[in-house]
Amino acid sequence: MKAESKQPVHLSVSALSRVEGEGGLWIKIENGKVLRTELRIFEAPRFFESFLIGRHFYEPPDITARICGICPVAYQISSTAAIENSVGLTVPECIWQLRRLLYCGEWIESHGLHVFFLHAPGFLGYPSLMDMAKDYPKEVSWGLQIKKAGNALIRAIAGREIHPINVRVGGFYHVPEKKELESLLDSLKKGLDYSLQAIKWIGSVCSFPSFKKEYTFVALKNDSCYPIERGRLYCGEQALALEEFESYFTEEQTDYSHALRWLDSHAKPCVAGPLARFNLNYHPLPTFIKDILKETPLEYPCMNPFQSILVRLVEIAYAFDEAIKLIDKYEPPEPCYLPLEPCAAVGYGISEAPRGLLYHRYLMDDKGLIRGAKIVPPTCFNLASAEEDIKNWIESHLNDTAEKLTADCEQLVRNYDPCISCATHFLKLKFL
Amino acid sequence: MTKIAIWKFTSCDGCQLSLLDLEEDLLEIAKHFEISYFLEASSKRADPPYDISLVEGSITTEEAKRKIMDIRAQSKYLVTIGACATAGGIQALRNFASLQSFKQRVYPRPEVIDVLPTSLPISHYVRVDYELQGCPINKLQLLQLLYSYSRDLRPSFSSGSVCMECKRRAIPCVMVASKTLCLGPVTHGGCGAICPSFGRGCYGCYGPKETPNSASLCQWAKDELDFDPLALDHAFKKFYCIAEGFKLSHES
Ligand code: SF4
Ligand code: SF4
Ligand code: SF4
């Protein structure tokens with residue numbers, strides 16, 4: 001066949017399903033080469049950083065929570081940490097532990113949603129969890145129980161699962177009694193058990209395409225525990241100070257997408273989220289989790305983004321185990337928060353949202369009013385990498401039908417669990 | 001079977017997530033309702049018309065204006081879920097500012113951002129059959145509402161305030177006990193007074209109740225709590241910033 005007789009091929013998914021927020025995919029292929037891969041984001045921007053300006057220092061936790069209904073706790077913790085950091089307020093360890101416990105609830109709830117509602121139906125060929133329930137009632141009920149246990153944990157500590165009301169700068173408005181938390185132990189232990197069973201189930205029932213790439217991972221890291229609410233920032237092997245974040249990574253508004261993205265110091269995409277955390281923090285995972293993985297295809301290190309579903313389950317199991325331990329050790333912090341004296345300063349906060357690291361910076365004046373704000377959600381890192389995966393995938397699967405390619409590409413996007421509403425910086429793309 | 005469709009405009013996804021947070025009840029809903037369009041949860045799409053359209057999010061683009069008209073035409077009942085769809089949401093703060101300055105702060109190339117200068121509620125553009133309040137909504141109210149409409153009944157929720165719910169639960173009043181500002185007296189009930197039960201004042205996330213006397217609460221806050229006027233302005237300028245009952249307060 002002559003080269004010029006080959007027709008350009010377009011693949012498009014006008015509206016991606018089972019992702020959080022609104023996006024589409026547009027791909028142009030010519031002569032076996034992917035000329036363009038565009039993850040189109042329909043989500044209109046909401047300008048959060050603009051309306052934080054002039055607000056009081058205590059407002060960001062409630063306001064920034066509304067960036068994302070799936071991971072509000074992450075916004076609340078990163079924002080409070082940044083404001084506390086600006087004035088040098090050191091919050092006692094017991095308050096940090098309660099934050100970690102609350103955050104465990106969010107990991108469980110958010111990962112539970114992604115694994116069972118969004119990702120697994122794609123592997124098993126169902127349009128939704130509701131349809132999958134007909135053939136996998138037991139497994140779907142694990143998923144629902146897992147999610148429910150995570151939500152109950154958030155509710156007990158912070159009032160409600162979506163946009164919790166109890167996080168304040170310096171600590172909490174009110175702290176739960178030990179016995180209130182102990183009443184959750186039963187559901188958390190069951191949840192742990194379901195998540196371990198689910199690891200084996202997903203490991204055996206899903207077929208993971210052999211797809212690998214050398215990724216640069218960006219995540220927090222701790223010596224003795226898996227990073228959730230705190231940790232040191234790493235990009236690959238490179239440790240970074242928080243103050244360096246905006247100078248080390250580059251922000252880009254590309255021509256074709258008009259979307260802000262964050263790339264590493266070589267202007268290459270890097271990956272945030274479960275895969276990044278797992279690869280940078282495998283060692284502190286408990287032995288019983290590592291042992292279960294021997295029965296699955298998931299190995300360390302893992303460079304296959306399709307296996308992120310297993311990594312999410314690992315993190316669910318970890319969060320359950322951690323929550324149980326934190327409740328055992330729990331004593332209500334007294335006082336429940338430390339007051340903050342405003343001064344003119346800049347502060348940085350970072351934590352591991354379920355989808356990856358979430359960075360906040362605030363500039364405050366001496367009256368405690370916010371004069372500058374910067375928020376970088378994890379999806380800003382991951383979309384560029386998802387586009388690269390799609391390009392590589394298509395170029396190595398050119399003989400597949402358009403229908404199969406399209407379904408695989410959608411799944412490639414879901415691997416990253418992109419949170420499109422929280423990517424405050426994405427816009428609708430213009431067609432070329 | 002009653003056909004439900006779930007639509008999203010400018011929002012955080014939190015209100016539609018309430019539906020997934022129904023957990024086991026969701027499977028029960030799936031047995032009695034046909035979920036015809038729910039992009040976040042399903043790749044299945046059924047053609048219109050729809051019996052009940054649940055709409056999340058505010059209108060902030062030209063395209064959204066067109067889309068909401070179509071949705072209205074295809075739906076027997078159209079229900080808005082949450083503060084964004086019902087009152088423009090927190091993103092309606094842009095309505096008080098210059099869009100240009102908002103864009104410039106966030107984007108290196110603000111000129112390519114094509115959005116409306118306002119964030120407005122669904123009811124500004126089309127007829128709405130019911131508005132469910134909250135940022136986020138209460139998922140149990142959502143469940144009740146679905147059952148009412150599937151039987152062609154109008155849902156009925158109390159139009160009272162958070163304060164009434166608080167008193168019913170016999171929670172110690174934070175305004176009295178710790179001189180903390182609480183918007184409970186002027187805020188629409190529905191959450192069950194979560195914040196006061198955590199020792200914190202209500203921050204109005206269910207929007208103004210019917211005929212709120214916000215001006216009087218503001219006066220009281222200034223006189224009795226010695227509340228700073230700027231902080232008071234911010235207190236009302238949040239998730240229901242353009243709703244009449246709250247707007248009056250920061251404009252007075
Ligand atoms: S009303 Fe609040 S919870 Fe609901 S979509 Fe809007 S921001 Fe999210
Ligand atoms: S705490 Fe608030 S809602 Fe409760 S009684 Fe007092 S003013 Fe009313
Ligand atoms: S008490 Fe007020 S701010 Fe708190 S959840 Fe209820 S309506 Fe929202």
# chains A, B, ... in the order shown; residues from 1 in each chain; ligands from 1
>>> residues_near_ligand(ligand="ligand 2", cutoff="6 Å", atoms="only C-alpha atoms and all ligand atoms", output="mmCIF file with N, CA, C and O atoms, in the first residue's frame")
data_model
loop_
_atom_site.group_PDB
_atom_site.id
_atom_site.type_symbol
_atom_site.label_atom_id
_atom_site.label_comp_id
_atom_site.auth_asym_id
_atom_site.auth_seq_id
_atom_site.Cartn_x
_atom_site.Cartn_y
_atom_site.Cartn_z
ATOM 1 N N VAL B 162 -31.798 26.259 60.088
ATOM 2 C CA VAL B 162 -30.867 25.379 60.801
ATOM 3 C C VAL B 162 -31.095 25.533 62.306
ATOM 4 O O VAL B 162 -31.036 24.561 63.071
ATOM 5 N N CYS B 163 -31.385 26.771 62.702
ATOM 6 C CA CYS B 163 -31.616 27.052 64.122
ATOM 7 C C CYS B 163 -32.711 26.148 64.703
ATOM 8 O O CYS B 163 -32.581 25.650 65.816
ATOM 9 N N CYS B 166 -31.377 22.766 65.142
ATOM 10 C CA CYS B 166 -30.414 22.799 66.243
ATOM 11 C C CYS B 166 -31.139 22.723 67.583
ATOM 12 O O CYS B 166 -30.776 21.955 68.478
ATOM 13 N N LYS B 167 -32.203 23.520 67.684
ATOM 14 C CA LYS B 167 -32.960 23.544 68.948
ATOM 15 C C LYS B 167 -33.634 22.201 69.180
ATOM 16 O O LYS B 167 -33.678 21.700 70.301
ATOM 17 N N CYS B 173 -26.291 26.422 72.270
ATOM 18 C CA CYS B 173 -26.121 27.452 71.240
ATOM 19 C C CYS B 173 -24.709 28.045 71.283
ATOM 20 O O CYS B 173 -24.272 28.544 72.318
ATOM 21 N N VAL B 174 -24.013 28.014 70.166
ATOM 22 C CA VAL B 174 -22.631 28.522 70.144
ATOM 23 C C VAL B 174 -22.573 30.040 70.261
ATOM 24 O O VAL B 174 -21.582 30.591 70.723
ATOM 25 N N MET B 175 -23.646 30.695 69.837
ATOM 26 C CA MET B 175 -23.629 32.162 69.955
ATOM 27 C C MET B 175 -23.705 32.566 71.416
ATOM 28 O O MET B 175 -23.072 33.518 71.834
ATOM 29 N N CYS B 182 -23.035 32.551 64.278
ATOM 30 C CA CYS B 182 -23.699 31.391 63.697
ATOM 31 C C CYS B 182 -24.780 31.885 62.745
ATOM 32 O O CYS B 182 -25.608 32.711 63.119
ATOM 33 N N GLY B 184 -27.054 30.063 61.617
ATOM 34 C CA GLY B 184 -28.197 29.165 61.792
ATOM 35 C C GLY B 184 -29.568 29.835 61.708
ATOM 36 O O GLY B 184 -30.468 29.325 61.064
ATOM 37 N N PRO B 185 -29.749 31.011 62.335
ATOM 38 C CA PRO B 185 -31.077 31.630 62.313
ATOM 39 C C PRO B 185 -31.558 32.015 60.910
ATOM 40 O O PRO B 185 -32.765 32.123 60.701
ATOM 41 N N PRO B 196 -23.175 23.379 64.514
ATOM 42 C CA PRO B 196 -23.324 23.588 65.961
ATOM 43 C C PRO B 196 -23.073 22.313 66.767
ATOM 44 O O PRO B 196 -22.543 22.378 67.881
ATOM 45 N N GLY B 201 -20.050 27.591 64.578
ATOM 46 C CA GLY B 201 -21.203 28.296 64.037
ATOM 47 C C GLY B 201 -21.504 27.829 62.619
ATOM 48 O O GLY B 201 -20.603 27.466 61.868
#
>>> interface_residues(of="chain B", to="chain A", cutoff="6 Å", atoms="only C-alpha atoms", output="mmCIF file with N, CA, C and O atoms, in the first residue's frame")
data_model
loop_
_atom_site.group_PDB
_atom_site.id
_atom_site.type_symbol
_atom_site.label_atom_id
_atom_site.label_comp_id
_atom_site.auth_asym_id
_atom_site.auth_seq_id
_atom_site.Cartn_x
_atom_site.Cartn_y
_atom_site.Cartn_z
ATOM 1 N N CYS B 12 -18.285 20.991 41.674
ATOM 2 C CA CYS B 12 -17.188 20.173 42.200
ATOM 3 C C CYS B 12 -17.500 18.683 42.157
ATOM 4 O O CYS B 12 -16.722 17.880 42.661
ATOM 5 N N ASP B 13 -18.648 18.287 41.626
ATOM 6 C CA ASP B 13 -19.089 16.890 41.572
ATOM 7 C C ASP B 13 -19.636 16.365 42.896
ATOM 8 O O ASP B 13 -20.106 15.233 42.970
ATOM 9 N N GLY B 14 -19.552 17.165 43.938
ATOM 10 C CA GLY B 14 -19.941 16.687 45.263
ATOM 11 C C GLY B 14 -21.406 16.283 45.354
ATOM 12 O O GLY B 14 -21.754 15.305 46.013
ATOM 13 N N GLU B 23 -24.641 4.248 48.578
ATOM 14 C CA GLU B 23 -24.174 2.875 48.737
ATOM 15 C C GLU B 23 -25.250 1.829 48.433
ATOM 16 O O GLU B 23 -25.771 1.831 47.335
ATOM 17 N N LEU B 39 -22.877 10.232 33.535
ATOM 18 C CA LEU B 39 -21.548 10.071 32.972
ATOM 19 C C LEU B 39 -20.503 9.673 34.008
ATOM 20 O O LEU B 39 -19.600 8.898 33.723
ATOM 21 N N GLU B 40 -20.640 10.206 35.200
ATOM 22 C CA GLU B 40 -19.615 9.906 36.199
ATOM 23 C C GLU B 40 -19.629 8.428 36.590
ATOM 24 O O GLU B 40 -18.615 7.878 36.967
ATOM 25 N N ALA B 41 -20.788 7.780 36.476
ATOM 26 C CA ALA B 41 -20.884 6.415 36.985
ATOM 27 C C ALA B 41 -21.093 5.366 35.901
ATOM 28 O O ALA B 41 -20.889 4.184 36.149
ATOM 29 N N SER B 42 -21.498 5.770 34.707
ATOM 30 C CA SER B 42 -21.853 4.753 33.730
ATOM 31 C C SER B 42 -21.555 5.201 32.312
ATOM 32 O O SER B 42 -21.736 6.363 31.958
ATOM 33 N N SER B 43 -21.125 4.235 31.477
ATOM 34 C CA SER B 43 -20.888 4.570 30.075
ATOM 35 C C SER B 43 -22.144 4.336 29.234
ATOM 36 O O SER B 43 -22.132 4.521 28.037
ATOM 37 N N LYS B 44 -23.234 3.899 29.887
ATOM 38 C CA LYS B 44 -24.482 3.647 29.172
ATOM 39 C C LYS B 44 -25.230 4.968 28.982
ATOM 40 O O LYS B 44 -25.260 5.799 29.864
ATOM 41 N N GLN B 91 -18.515 29.894 42.862
ATOM 42 C CA GLN B 91 -17.906 30.513 41.679
ATOM 43 C C GLN B 91 -18.643 31.778 41.251
ATOM 44 O O GLN B 91 -18.144 32.550 40.435
ATOM 45 N N PHE B 102 -9.815 38.098 37.350
ATOM 46 C CA PHE B 102 -9.875 36.715 37.805
ATOM 47 C C PHE B 102 -9.065 35.809 36.896
ATOM 48 O O PHE B 102 -8.337 34.935 37.337
ATOM 49 N N PHE B 198 -20.823 20.335 66.321
ATOM 50 C CA PHE B 198 -19.365 20.250 66.472
ATOM 51 C C PHE B 198 -18.813 21.516 67.139
ATOM 52 O O PHE B 198 -17.624 21.815 67.034
#
>>> residues_around(residues="range 50-53 of chain B", least_positions_apart="6", cutoff="9 Å", atoms="only C-alpha atoms", output="mmCIF file with C-alpha atoms, in the first residue's frame")
data_model
loop_
_atom_site.group_PDB
_atom_site.id
_atom_site.type_symbol
_atom_site.label_atom_id
_atom_site.label_comp_id
_atom_site.auth_asym_id
_atom_site.auth_seq_id
_atom_site.Cartn_x
_atom_site.Cartn_y
_atom_site.Cartn_z
ATOM 1 C CA THR B 2 -38.818 6.006 35.815
ATOM 2 C CA LYS B 3 -35.887 7.342 33.809
ATOM 3 C CA ILE B 4 -33.394 9.531 35.658
ATOM 4 C CA ALA B 5 -30.623 11.552 34.063
ATOM 5 C CA ILE B 6 -27.849 13.314 35.953
ATOM 6 C CA TRP B 7 -26.243 16.394 34.412
ATOM 7 C CA SER B 36 -30.407 6.867 31.667
ATOM 8 C CA ILE B 71 -32.221 19.268 29.006
ATOM 9 C CA ARG B 72 -35.319 21.205 30.035
ATOM 10 C CA GLN B 74 -36.224 16.588 27.306
ATOM 11 C CA SER B 75 -37.236 16.326 30.949
ATOM 12 C CA LYS B 76 -40.551 15.999 32.672
ATOM 13 C CA TYR B 77 -39.187 17.171 36.022
ATOM 14 C CA LEU B 78 -36.032 19.186 36.350
ATOM 15 C CA VAL B 79 -34.515 19.344 39.814
ATOM 16 C CA THR B 80 -31.427 21.321 40.701
ATOM 17 C CA LEU B 146 -36.536 10.691 43.832
ATOM 18 C CA TYR B 149 -41.205 12.467 41.807
ATOM 19 C CA SER B 150 -41.344 8.875 40.645
#
>>> residues_around(residues="Gly203 in chain A", least_positions_apart="6", cutoff="8 Å", atoms="only C-alpha atoms", output="list in words")
Glu295, Thr296, Pro297, Leu298 and Leu310 of chain A
>>> residues_around(residues="Phe96 in chain B", least_positions_apart="6", cutoff="10 Å", atoms="only C-alpha atoms", output="number ranges by chain")
B: 117-118, 241-242
>>> residues_around(residues="Thr216 in chain A", least_positions_apart="5", cutoff="9 Å", atoms="only C-alpha atoms", output="PDB file with C-alpha atoms, in the first residue's frame")
ATOM      1  CA  CYS A 235      10.715  13.886  42.235  1.00  0.00           C
ATOM      2  CA  GLY A 236      12.281  10.538  41.350  1.00  0.00           C
ATOM      3  CA  ASP A 264       9.489  18.146  35.723  1.00  0.00           C
ATOM      4  CA  LYS A 268       8.910  16.019  30.819  1.00  0.00           C
ATOM      5  CA  PRO A 269       5.676  14.691  32.241  1.00  0.00           C
ATOM      6  CA  CYS A 270       5.834  13.128  35.657  1.00  0.00           C
ATOM      7  CA  VAL A 271       3.344  10.960  37.432  1.00  0.00           C
ATOM      8  CA  ALA A 272       1.718  11.647  40.784  1.00  0.00           C
ATOM      9  CA  ALA A 276       4.190   7.154  42.393  1.00  0.00           C
TER      10      ALA A 276
END
>>> residues_around(residues="range 209-218 of chain B", least_positions_apart="6", cutoff="10 Å", atoms="only C-alpha atoms", output="ChimeraX atom specification")
/B:133,158-162,181-189,224-225,227,229,232-233,236,244-252
>>> closest_atom_pairs(of="chain B", to="ligand 3", cutoff="6 Å", atoms="only C-alpha atoms and all ligand atoms", output="tab-separated table")
residue	atom	partner	partner_atom_place_in_ligand_line	distance
B:Cys191	CA	ligand 3	6 (Fe)	4.6
B:Ala193	CA	ligand 3	1 (S)	4.3
B:Ile194	CA	ligand 3	1 (S)	4.7
B:Cys195	CA	ligand 3	4 (Fe)	4.1
B:Cys202	CA	ligand 3	2 (Fe)	3.7
B:Tyr203	CA	ligand 3	3 (S)	3.9
B:Gly204	CA	ligand 3	3 (S)	4.5
B:Cys205	CA	ligand 3	8 (Fe)	3.9
B:Tyr206	CA	ligand 3	7 (S)	4.4
>>> closest_residue(among="A:Met303, A:Ala241, A:Cys225, A:Leu313", to="Leu196 in chain A", atoms="only C-alpha atoms")
A:Leu313
>>> select_by_dssp(residues="range 222-403 of chain A", states="helix (DSSP H, G or I)", output="number ranges by chain")
A: 242-248, 274-280, 287-293, 305-329, 379-396, 402-403
>>> closest_residue(among="A:Tyr348, A:Trp201, A:Thr64, A:Leu52", to="ligand 1", atoms="only C-alpha atoms and all ligand atoms")
A:Thr64
>>> select_by_dssp(residues="range 138-281 of chain A", states="strand (DSSP E or B)", output="count of residues only")
26
>>> closest_residue(among="B:Glu131, B:Asp47, B:Glu62, B:Glu111", to="Gly82 in chain B", atoms="only C-alpha atoms")
B:Glu131
